[in-house]
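Peer 1: Below is the file entry-v3.cif, which contains mmCIF, C-alpha atoms.
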```cif
data_my_file
loop_
_atom_site.label_atom_id
_atom_site.label_comp_id
_atom_site.auth_asym_id
_atom_site.auth_seq_id
_atom_site.Cartn_x
_atom_site.Cartn_y
_atom_site.Cartn_z
CA MET A 1 13.73 -45.82 -1.15
CA SER A 2 13.27 -42.87 1.18
CA VAL A 3 13.03 -39.34 -0.12
CA THR A 4 15.65 -37.05 1.39
CA LEU A 5 15.03 -33.63 2.88
CA ASP A 6 17.75 -32.10 0.70
CA ALA A 7 16.10 -33.44 -2.44
CA VAL A 8 12.70 -32.10 -1.39
CA MET A 9 14.07 -28.65 -0.56
CA ALA A 10 15.96 -28.52 -3.86
CA ALA A 11 12.82 -29.52 -5.75
CA LEU A 12 10.71 -26.87 -4.03
CA ARG A 13 13.26 -24.18 -4.89
CA THR A 14 12.48 -24.81 -8.56
CA VAL A 15 8.80 -24.00 -8.04
CA LYS A 16 8.06 -20.38 -8.90
CA ASP A 17 5.08 -18.39 -7.72
CA PRO A 18 3.01 -17.71 -10.88
CA GLU A 19 2.54 -14.04 -9.98
CA LYS A 20 5.92 -12.95 -8.65
CA GLY A 21 8.39 -15.35 -10.24
CA ARG A 22 10.17 -16.13 -6.95
CA ASP A 23 10.56 -19.62 -5.53
CA ILE A 24 8.04 -20.65 -2.91
CA LEU A 25 10.65 -21.36 -0.24
CA SER A 26 12.13 -17.86 -0.32
CA MET A 27 8.58 -16.47 -0.18
CA ASN A 28 7.81 -18.53 2.96
CA LEU A 29 4.86 -20.27 1.33
CA VAL A 30 5.78 -23.80 2.45
CA HIS A 31 4.47 -25.02 5.81
CA ASP A 32 4.27 -28.27 7.79
CA LEU A 33 6.61 -30.23 5.56
CA LYS A 34 6.90 -33.88 6.55
CA ILE A 35 8.63 -36.84 4.87
CA ASP A 36 7.76 -40.49 5.43
CA GLY A 37 9.63 -42.87 3.15
CA ASP A 38 8.66 -41.90 -0.38
CA THR A 39 5.64 -39.84 0.76
CA VAL A 40 5.87 -36.04 1.08
CA ARG A 41 3.23 -34.08 2.94
CA LEU A 42 3.09 -30.29 3.02
CA ARG A 43 0.90 -27.23 3.05
CA VAL A 44 1.42 -24.37 0.60
CA SER A 45 -0.13 -20.97 1.15
CA VAL A 46 -0.97 -18.62 -1.71
CA LYS A 47 -1.73 -14.92 -1.63
CA THR A 48 -4.56 -14.96 -4.14
CA PRO A 49 -7.80 -16.94 -4.24
CA VAL A 50 -7.95 -16.87 -8.05
CA ARG A 51 -8.48 -20.45 -9.14
CA HIS A 52 -6.07 -20.70 -12.08
CA VAL A 53 -3.18 -19.34 -9.98
CA ARG A 54 -3.77 -21.92 -7.26
CA GLU A 55 -4.07 -24.74 -9.78
CA SER A 56 -0.89 -23.70 -11.57
CA LEU A 57 1.08 -23.63 -8.34
CA GLU A 58 -0.33 -26.97 -7.18
CA THR A 59 0.67 -28.62 -10.45
CA GLN A 60 4.20 -27.21 -10.20
CA VAL A 61 4.65 -28.48 -6.65
CA ARG A 62 3.42 -31.99 -7.39
CA ASP A 63 5.47 -32.32 -10.57
CA ALA A 64 8.65 -31.06 -8.88
CA LEU A 65 8.37 -33.42 -5.90
CA VAL A 66 7.73 -36.43 -8.12
CA SER A 67 10.21 -35.76 -10.91
CA LYS A 68 13.03 -34.06 -8.96
CA ALA A 69 12.75 -35.43 -5.41
CA GLY A 70 11.58 -38.95 -6.27
CA ALA A 71 8.34 -38.87 -4.26
CA SER A 72 5.76 -41.50 -5.18
CA LYS A 73 2.99 -39.79 -3.21
CA VAL A 74 2.40 -36.09 -2.53
CA ASP A 75 -0.16 -35.12 0.10
CA LEU A 76 -0.61 -31.42 -0.64
CA GLN A 77 -2.92 -28.89 1.01
CA MET A 78 -3.37 -25.47 -0.64
CA ASP A 79 -4.37 -22.57 1.62
CA VAL A 80 -5.30 -18.99 0.75
CA GLU A 81 -3.89 -16.28 2.97
CA GLY A 82 -4.72 -12.59 2.97
CA ALA A 83 -2.43 -9.63 3.34
CA ARG A 84 -1.80 -8.21 6.79
CA VAL A 85 -3.02 -4.71 7.51
CA SER A 86 -0.30 -2.29 8.59
CA ALA A 87 -0.21 -1.75 12.33
CA ASP A 88 -1.52 1.84 12.33
CA ARG A 89 -4.71 1.04 10.42
CA HIS A 90 -7.71 -1.10 11.34
CA GLY A 91 -9.06 -3.60 8.89
CA ILE A 92 -12.65 -4.74 8.52
CA PRO A 93 -13.08 -8.25 9.96
CA GLY A 94 -13.48 -10.83 7.22
CA ILE A 95 -12.37 -8.59 4.34
CA LYS A 96 -8.87 -9.24 3.03
CA HIS A 97 -8.60 -6.51 0.38
CA ILE A 98 -10.51 -3.35 -0.45
CA ILE A 99 -10.02 -2.14 -4.02
CA ALA A 100 -11.34 1.27 -5.06
CA VAL A 101 -12.43 1.71 -8.68
CA SER A 102 -12.22 5.42 -9.30
CA SER A 103 -12.13 8.11 -11.98
CA GLY A 104 -11.55 11.81 -12.13
CA LYS A 105 -14.79 12.47 -13.97
CA GLY A 106 -18.10 10.83 -14.78
CA GLY A 107 -19.09 9.11 -17.99
CA VAL A 108 -15.94 7.05 -18.48
CA GLY A 109 -17.51 3.66 -17.66
CA LYS A 110 -16.22 3.34 -14.11
CA SER A 111 -19.29 1.45 -12.84
CA THR A 112 -19.17 -0.86 -15.86
CA VAL A 113 -15.56 -1.70 -15.02
CA ALA A 114 -16.37 -2.22 -11.32
CA ALA A 115 -19.31 -4.55 -12.05
CA ASN A 116 -17.50 -6.68 -14.62
CA LEU A 117 -14.30 -6.79 -12.56
CA SER A 118 -16.24 -8.03 -9.51
CA ILE A 119 -17.98 -10.80 -11.44
CA ALA A 120 -14.77 -11.82 -13.23
CA LEU A 121 -12.99 -12.22 -9.88
CA ALA A 122 -15.91 -14.25 -8.52
CA LYS A 123 -15.94 -16.50 -11.59
CA GLN A 124 -12.23 -17.15 -11.01
CA GLY A 125 -12.92 -18.50 -7.53
CA ALA A 126 -12.71 -15.47 -5.23
CA LYS A 127 -15.25 -14.34 -2.64
CA VAL A 128 -16.24 -10.86 -3.78
CA GLY A 129 -18.35 -7.95 -2.58
CA LEU A 130 -19.30 -4.85 -4.57
CA LEU A 131 -19.98 -1.61 -2.70
CA ASP A 132 -21.62 1.18 -4.70
CA SER A 133 -20.43 4.29 -2.88
CA ASP A 134 -21.60 6.67 -5.61
CA VAL A 135 -24.47 7.89 -3.45
CA TYR A 136 -25.49 10.62 -5.91
CA GLY A 137 -25.72 8.32 -8.92
CA PRO A 138 -25.97 4.68 -7.82
CA ASN A 139 -25.97 2.64 -11.03
CA ILE A 140 -24.83 -0.72 -9.69
CA PRO A 141 -28.36 -2.01 -8.87
CA THR A 142 -29.37 -1.59 -12.52
CA MET A 143 -26.15 -3.05 -13.88
CA MET A 144 -26.25 -6.07 -11.56
CA GLY A 145 -29.98 -6.68 -11.99
CA VAL A 146 -31.02 -6.30 -8.33
CA ASN A 147 -33.17 -3.55 -6.91
CA GLN A 148 -35.05 -4.41 -3.74
CA PRO A 149 -34.66 -3.27 -0.13
CA PRO A 150 -32.12 -5.36 1.78
CA MET A 151 -32.99 -7.20 4.98
CA ALA A 152 -31.27 -6.73 8.33
CA ARG A 153 -30.29 -8.92 11.26
CA GLN A 154 -28.84 -8.48 14.72
CA ASP A 155 -25.44 -9.84 15.61
CA GLU A 156 -24.55 -11.44 18.93
CA ASN A 157 -24.02 -7.99 20.48
CA GLY A 158 -27.42 -6.72 19.42
CA ARG A 159 -25.97 -4.56 16.64
CA GLU A 160 -28.09 -4.31 13.50
CA LEU A 161 -26.36 -5.43 10.32
CA ILE A 162 -27.60 -4.94 6.77
CA ILE A 163 -27.63 -8.16 4.75
CA PRO A 164 -26.21 -7.41 1.28
CA LEU A 165 -28.07 -8.58 -1.79
CA GLU A 166 -26.39 -11.04 -4.13
CA ALA A 167 -26.19 -11.35 -7.91
CA HIS A 168 -23.87 -13.21 -10.28
CA GLY A 169 -21.88 -14.60 -7.34
CA VAL A 170 -21.20 -11.16 -5.84
CA LYS A 171 -22.49 -9.58 -2.61
CA ILE A 172 -23.80 -6.06 -3.31
CA MET A 173 -24.66 -2.95 -1.30
CA SER A 174 -25.79 0.39 -2.76
CA MET A 175 -27.66 3.53 -1.78
CA GLY A 176 -29.82 2.67 -4.76
CA PHE A 177 -31.41 -0.07 -2.62
CA LEU A 178 -32.44 2.48 0.01
CA ALA A 179 -33.28 5.68 -1.89
CA LYS A 180 -36.78 6.03 -3.29
CA GLY A 181 -37.09 6.10 -7.07
CA ASP A 182 -35.56 9.15 -8.72
CA GLN A 183 -35.39 11.22 -5.54
CA PRO A 184 -32.03 13.07 -5.37
CA LEU A 185 -29.81 12.99 -2.30
CA VAL A 186 -28.81 16.47 -1.16
CA TRP A 187 -26.20 15.64 1.45
CA ARG A 188 -23.16 17.38 2.89
CA GLY A 189 -19.87 15.87 3.98
CA PRO A 190 -20.78 14.55 7.46
CA MET A 191 -23.78 12.66 6.09
CA LEU A 192 -21.68 11.18 3.31
CA HIS A 193 -19.07 10.05 5.81
CA GLY A 194 -21.79 8.41 7.87
CA VAL A 195 -23.23 6.39 5.00
CA VAL A 196 -19.78 5.25 3.82
CA SER A 197 -18.96 4.10 7.35
CA GLN A 198 -22.31 2.30 7.60
CA PHE A 199 -21.78 0.48 4.31
CA LEU A 200 -18.32 -0.65 5.38
CA LEU A 201 -18.87 -1.46 9.05
CA ASN A 202 -22.58 -2.24 9.38
CA VAL A 203 -23.10 -4.53 6.40
CA ASP A 204 -22.85 -8.28 6.94
CA TRP A 205 -20.20 -8.83 4.27
CA GLY A 206 -19.00 -12.11 5.77
CA ASN A 207 -15.62 -13.36 4.55
CA LEU A 208 -14.46 -11.66 1.36
CA ASP A 209 -11.25 -11.90 -0.60
CA TYR A 210 -12.03 -8.62 -2.36
CA LEU A 211 -14.44 -5.78 -1.69
CA ILE A 212 -14.65 -3.71 -4.86
CA VAL A 213 -15.77 -0.14 -4.15
CA ASP A 214 -17.35 1.76 -7.04
CA MET A 215 -16.36 5.33 -6.19
CA PRO A 216 -18.17 8.50 -7.24
CA PRO A 217 -16.36 10.70 -9.77
CA GLY A 218 -13.91 13.28 -8.52
CA THR A 219 -11.85 13.69 -5.37
CA GLY A 220 -14.38 14.66 -2.72
CA ASP A 221 -15.87 13.63 0.61
CA VAL A 222 -16.64 9.99 -0.22
CA GLN A 223 -13.07 9.29 -1.30
CA LEU A 224 -11.70 10.83 1.90
CA SER A 225 -14.24 8.99 4.07
CA LEU A 226 -13.33 5.65 2.56
CA THR A 227 -9.62 6.05 3.22
CA GLN A 228 -10.29 7.31 6.77
CA THR A 229 -12.60 4.42 7.63
CA ALA A 230 -10.68 1.40 6.35
CA PRO A 231 -7.33 0.49 4.81
CA VAL A 232 -7.67 0.47 1.02
CA SER A 233 -5.34 -2.06 -0.57
CA GLY A 234 -5.20 -0.29 -3.91
CA ALA A 235 -7.01 1.82 -6.48
CA VAL A 236 -7.89 1.10 -10.10
CA VAL A 237 -8.27 4.37 -12.00
CA VAL A 238 -10.54 4.42 -15.07
CA THR A 239 -10.17 6.90 -17.91
CA THR A 240 -10.91 7.32 -21.58
CA PRO A 241 -8.14 8.28 -24.01
CA GLN A 242 -9.07 11.93 -24.58
CA GLU A 243 -7.29 14.79 -22.83
CA VAL A 244 -10.36 16.14 -20.97
CA SER A 245 -10.65 12.82 -19.16
CA LEU A 246 -6.94 12.48 -18.53
CA GLN A 247 -6.79 15.92 -16.89
CA ASP A 248 -9.22 14.85 -14.18
CA VAL A 249 -7.67 11.41 -13.76
CA ARG A 250 -4.34 13.03 -12.89
CA LYS A 251 -6.05 14.64 -9.91
CA ALA A 252 -7.47 11.30 -8.80
CA ILE A 253 -4.02 9.67 -8.94
CA LEU A 254 -2.45 12.45 -6.90
CA MET A 255 -5.28 12.24 -4.36
CA PHE A 256 -4.63 8.55 -3.78
CA GLU A 257 -0.92 9.27 -3.40
CA LYS A 258 -1.64 11.89 -0.73
CA VAL A 259 -3.81 9.54 1.35
CA GLY A 260 -1.35 6.64 1.02
CA VAL A 261 -3.36 4.37 -1.27
CA PRO A 262 -1.28 2.59 -3.94
CA VAL A 263 -2.54 3.06 -7.49
CA LEU A 264 -2.62 -0.43 -9.00
CA GLY A 265 -2.87 0.96 -12.52
CA ILE A 266 -4.88 2.64 -15.24
CA VAL A 267 -7.80 1.17 -17.17
CA GLU A 268 -8.33 2.91 -20.51
CA ASN A 269 -12.00 2.34 -21.28
CA MET A 270 -13.57 2.99 -24.69
CA SER A 271 -10.04 2.68 -26.00
CA TYR A 272 -11.05 1.77 -29.55
CA PHE A 273 -14.00 0.66 -31.66
CA VAL A 274 -14.11 -2.18 -34.18
CA CYS A 275 -16.97 -1.70 -36.64
CA ASP A 276 -19.09 -4.51 -38.04
CA GLY A 277 -17.50 -6.13 -41.06
CA CYS A 278 -13.96 -4.88 -40.50
CA ASP A 279 -11.09 -5.74 -38.20
CA LYS A 280 -9.69 -2.22 -38.04
CA ARG A 281 -9.51 -0.43 -34.71
CA HIS A 282 -10.96 3.07 -34.77
CA HIS A 283 -9.65 5.32 -32.00
CA ILE A 284 -12.70 7.54 -31.63
CA PHE A 285 -11.50 9.27 -28.47
CA GLY A 286 -7.81 9.38 -29.39
CA SER A 287 -5.09 6.89 -28.55
CA GLY A 288 -2.16 6.42 -26.22
CA GLY A 289 -3.51 8.59 -23.40
CA GLY A 290 -3.76 5.82 -20.83
CA LYS A 291 -0.27 4.49 -21.58
CA ALA A 292 1.25 7.97 -21.36
CA LEU A 293 -0.48 8.56 -18.03
CA ALA A 294 0.69 5.23 -16.62
CA ASP A 295 4.26 5.99 -17.68
CA LYS A 296 4.16 9.48 -16.15
CA TYR A 297 3.05 8.23 -12.74
CA GLN A 298 5.15 5.05 -12.85
CA THR A 299 2.20 2.69 -12.72
CA ARG A 300 0.90 0.13 -15.19
CA LEU A 301 -1.69 0.22 -17.93
CA LEU A 302 -3.98 -2.54 -16.69
CA ALA A 303 -6.19 -2.81 -19.78
CA GLU A 304 -7.35 -1.14 -22.97
CA LEU A 305 -11.05 -1.98 -23.15
CA PRO A 306 -12.96 -1.65 -26.42
CA LEU A 307 -16.04 0.50 -26.96
CA ALA A 308 -18.87 -1.89 -27.77
CA GLU A 309 -22.64 -1.64 -27.89
CA ALA A 310 -22.90 -5.12 -26.36
CA VAL A 311 -21.25 -3.91 -23.14
CA ARG A 312 -23.76 -1.07 -22.80
CA GLU A 313 -26.72 -3.34 -23.54
CA ALA A 314 -25.54 -5.92 -21.03
CA GLY A 315 -25.23 -3.35 -18.26
CA ASP A 316 -28.65 -1.88 -19.01
CA THR A 317 -30.30 -5.30 -18.71
CA GLY A 318 -28.69 -6.29 -15.41
CA ALA A 319 -26.39 -8.98 -16.83
CA PRO A 320 -22.89 -7.51 -17.36
CA ILE A 321 -21.00 -8.70 -20.41
CA VAL A 322 -18.94 -11.30 -18.50
CA VAL A 323 -22.27 -12.98 -17.67
CA ARG A 324 -24.30 -12.25 -20.79
CA ALA A 325 -21.61 -13.15 -23.32
CA PRO A 326 -18.76 -14.85 -21.44
CA ASP A 327 -16.93 -15.89 -24.63
CA SER A 328 -17.05 -12.44 -26.24
CA VAL A 329 -13.95 -10.35 -26.88
CA GLN A 330 -15.18 -7.84 -24.31
CA ALA A 331 -15.73 -10.46 -21.59
CA ILE A 332 -12.30 -11.97 -22.23
CA ALA A 333 -10.79 -8.49 -21.79
CA PHE A 334 -12.50 -8.06 -18.41
CA ASN A 335 -11.40 -11.52 -17.26
CA LYS A 336 -7.83 -10.67 -18.23
CA LEU A 337 -8.16 -7.39 -16.33
CA ALA A 338 -9.15 -9.31 -13.19
CA GLY A 339 -5.97 -11.38 -13.33
CA THR A 340 -3.85 -8.28 -13.94
CA VAL A 341 -5.41 -6.48 -10.97
CA VAL A 342 -4.67 -9.46 -8.70
CA ARG A 343 -1.02 -9.45 -9.77
CA ALA A 344 -0.73 -5.68 -9.30
CA LEU A 345 -2.25 -6.01 -5.84
CA ALA A 346 0.26 -8.70 -4.87
CA GLU A 347 3.14 -6.48 -6.00
CA ALA A 348 1.72 -3.50 -4.08
CA SER A 349 1.50 -5.63 -0.93
CA VAL A 350 5.18 -6.55 -1.24
CA ARG A 351 6.25 -2.92 -1.77
CA SER A 352 4.24 -1.66 1.21
CA GLY A 353 5.40 -4.42 3.52
CA THR A 354 1.86 -5.69 4.19
CA GLU A 355 2.40 -9.08 2.61
CA SER A 356 1.23 -11.96 4.72
CA GLY A 357 3.85 -14.49 5.55
CA ALA A 358 4.85 -16.14 8.77
CA PRO A 359 8.19 -17.71 7.92
CA VAL A 360 7.27 -21.24 8.85
CA VAL A 361 8.71 -24.36 7.26
CA ASN A 362 7.99 -26.91 9.96
CA ILE A 363 9.90 -30.05 9.12
CA GLY A 364 9.28 -33.31 10.89
CA LYS A 365 9.01 -37.05 10.55
CA PHE A 366 5.88 -39.16 11.21
#
```
As structure tokens, what does this structure read like?

Peer 2:
Amino acid sequence: MSVTLDAVMAALRTVKDPEKGRDILSMNLVHDLKIDGDTVRLRVSVKTPVRHVRESLETQVRDALVSKAGASKVDLQMDVEGARVSADRHGIPGIKHIIAVSSGKGGVGKSTVAANLSIALAKQGAKVGLLDSDVYGPNIPTMMGVNQPPMARQDENGRELIIPLEAHGVKIMSMGFLAKGDQPLVWRGPMLHGVVSQFLLNVDWGNLDYLIVDMPPGTGDVQLSLTQTAPVSGAVVVTTPQEVSLQDVRKAILMFEKVGVPVLGIVENMSYFVCDGCDKRHHIFGSGGGKALADKYQTRLLAELPLAEAVREAGDTGAPIVVRAPDSVQAIAFNKLAGTVVRALAEASVRSGTESGAPVVNIGKF
């Protein structure tokens, strides 16, 4: 008995995208649909490379076509598509999304969040790069356990490209690889702009789903250079609960608004502490600050991350907590953060009109 086109289309309308809750037909995710007797062949594109999202969607499609359309065989291809860059901005070839991890002030754990977020995304199936743009205090080499000079190669046009180092499944570039020892960098704005441009445009990043940029604290030259050089898909803003941190984070949020970068949400780091032998949360730095800030600026609270000695120890030894203790409460929190950031990024793409999607449902018979 042949499967009908109407039955297939009706079945596919019951399949919801795991991130946005809309059916995959209305989102133009179905391509090259063909029916031959009781066999259905199709290609489904997804916006995120995260493995569990792809697997969930694939299971939904197969189950719907078998149980609702009567297909006995489903030949399904899953593709990952990136977001389109708006017409007035130039993207970096091979990089689908640039995500800035920022804070208004230092000492809030921004680099810890950037390192663990990068690895968590990579462990979930994405191709990830980590750019340490904090040229005055590059901590990423220590946290990721790599600290040697990178190599270089020439491309087909004779242009020299820096080959990023790799650790824990993530490609990494940092001024810490190039600066000597504890020598400070005393640079003004034009020099900072030059190094940011070099790290974005003259590093052989290859194909990346996400380039995570660990920003320096504040709202200065590096932040402006980044947004002038490449389209930033979104910003994750890190704070601690106390008022002195929140004051500076407000400035960071307003800065991103002024340069047209969507704020994906707030990460409240060192949110609470659970002492040995008790299950009580101790709010050492106060409580509720991150949620109040997210509400004020109409964004989301992405995560409330606990203060834990294990996280500090892991970063100091070059194996962030998602690597050193992947089943720990802290690692689970970072993995959950990665999924939340991906969903926030997808929503931001829809709001800004940069969502990828050629409306193609090509229907044919063999």

Peer 1: Return the single residue from A:Asp279, A:Asp316, A:Glu257, A:Asp38 that is closest to A:Thr112, with distances computed using only C-alpha atoms.

Peer 2: A:Asp316

Peer 1: Report, in Å to a single decimal, how far apart atom CA of A:Pro150 and atom CA of A:Ala314 are.

Peer 2: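 Computing it gives 23.7 Å between the two atoms.
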
Peer 1: Using the chain letters and numbers from the file, give me the residues hit by the PyMOL selection byres ((chain A and resi 43) around 7), as a list of chain:residue names.

Peer 2: A:Val30, A:His31, A:Asp32, A:Leu33, A:Leu42, A:Val44, A:Ser45, A:Leu76, A:Gln77, A:Met78

Peer 1: Could you take the residues named above and write them with C-alpha atoms, as a short mmCIF file (atom, residue, chain, number, x, y, z; two decimals), in the frame of the given file?

Peer 2:
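Final file, part_10.cif:
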```
data_model
loop_
_atom_site.label_atom_id
_atom_site.label_comp_id
_atom_site.auth_asym_id
_atom_site.auth_seq_id
_atom_site.Cartn_x
_atom_site.Cartn_y
_atom_site.Cartn_z
CA VAL A 30 5.78 -23.80 2.45
CA HIS A 31 4.47 -25.02 5.81
CA ASP A 32 4.27 -28.27 7.79
CA LEU A 33 6.61 -30.23 5.56
CA LEU A 42 3.09 -30.29 3.02
CA VAL A 44 1.42 -24.37 0.60
CA SER A 45 -0.13 -20.97 1.15
CA LEU A 76 -0.61 -31.42 -0.64
CA GLN A 77 -2.92 -28.89 1.01
CA MET A 78 -3.37 -25.47 -0.64
#
```

Peer 1: Taking the file as I've supplied it (selection: the PyMOL selection byres ((chain A and resi 338) around 9)), which residues are included? Please answer as a PyMOL selection string.

Peer 2: chain A and resi 116-118+120-121+124+333-337+339-343

Peer 1: I need the output of the PyMOL selection byres ((chain A and resi 56) around 12) for this file as a list in words; which residues are they?

Peer 2: Val15, Lys16, Asp17, Pro18, Glu19, Val46, Val50, Arg51, His52, Val53, Arg54, Glu55, Leu57, Glu58, Thr59, Gln60, Val61, Arg62, Asp63 and Met78 of chain A

Peer 1: Just to confirm, what's the straight-line distance from atom CA of A:Ser72 to atom CA of A:Ile35 in Å (one decimal)?

Peer 2: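 Pair atom CA of A:Ser72 / atom CA of A:Ile35 returns 11.4 Å.
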
Peer 1: Mind giving me the straight-line distance from atom CA of A:Ser287 to atom CA of A:Ile321 in Å, one decimal?

Peer 2: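 Result for atom CA of A:Ser287 versus atom CA of A:Ile321: 23.7 Å, one decimal.
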
Peer 1: Find, counting only C-alpha atoms, the residue in A:Ser271, A:Gln148, A:Asn139, A:Gln198 that gets nearest to A:Ser225.

Peer 2: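 Among A:Ser271, A:Gln148, A:Asn139, A:Gln198, it is A:Gln198 that comes nearest to A:Ser225.
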
Peer 1: Kindly indicate which residue among A:Ile266, A:Ala11, A:Val74, A:Ala64 lies nearest to A:Arg250, using only C-alpha atoms for the distances.

Peer 2: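 Counting only C-alpha atoms, the residue closest to A:Arg250 is A:Ile266.
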
Peer 1: Kindly indicate which residue among A:Val263, A:Ala348, A:Ile140, A:Val3 lies nearest to A:Asp214, using all atoms listed in the file for the distances.

Peer 2: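 Looking only at the distances to A:Asp214, the closest residue turns out to be A:Ile140.
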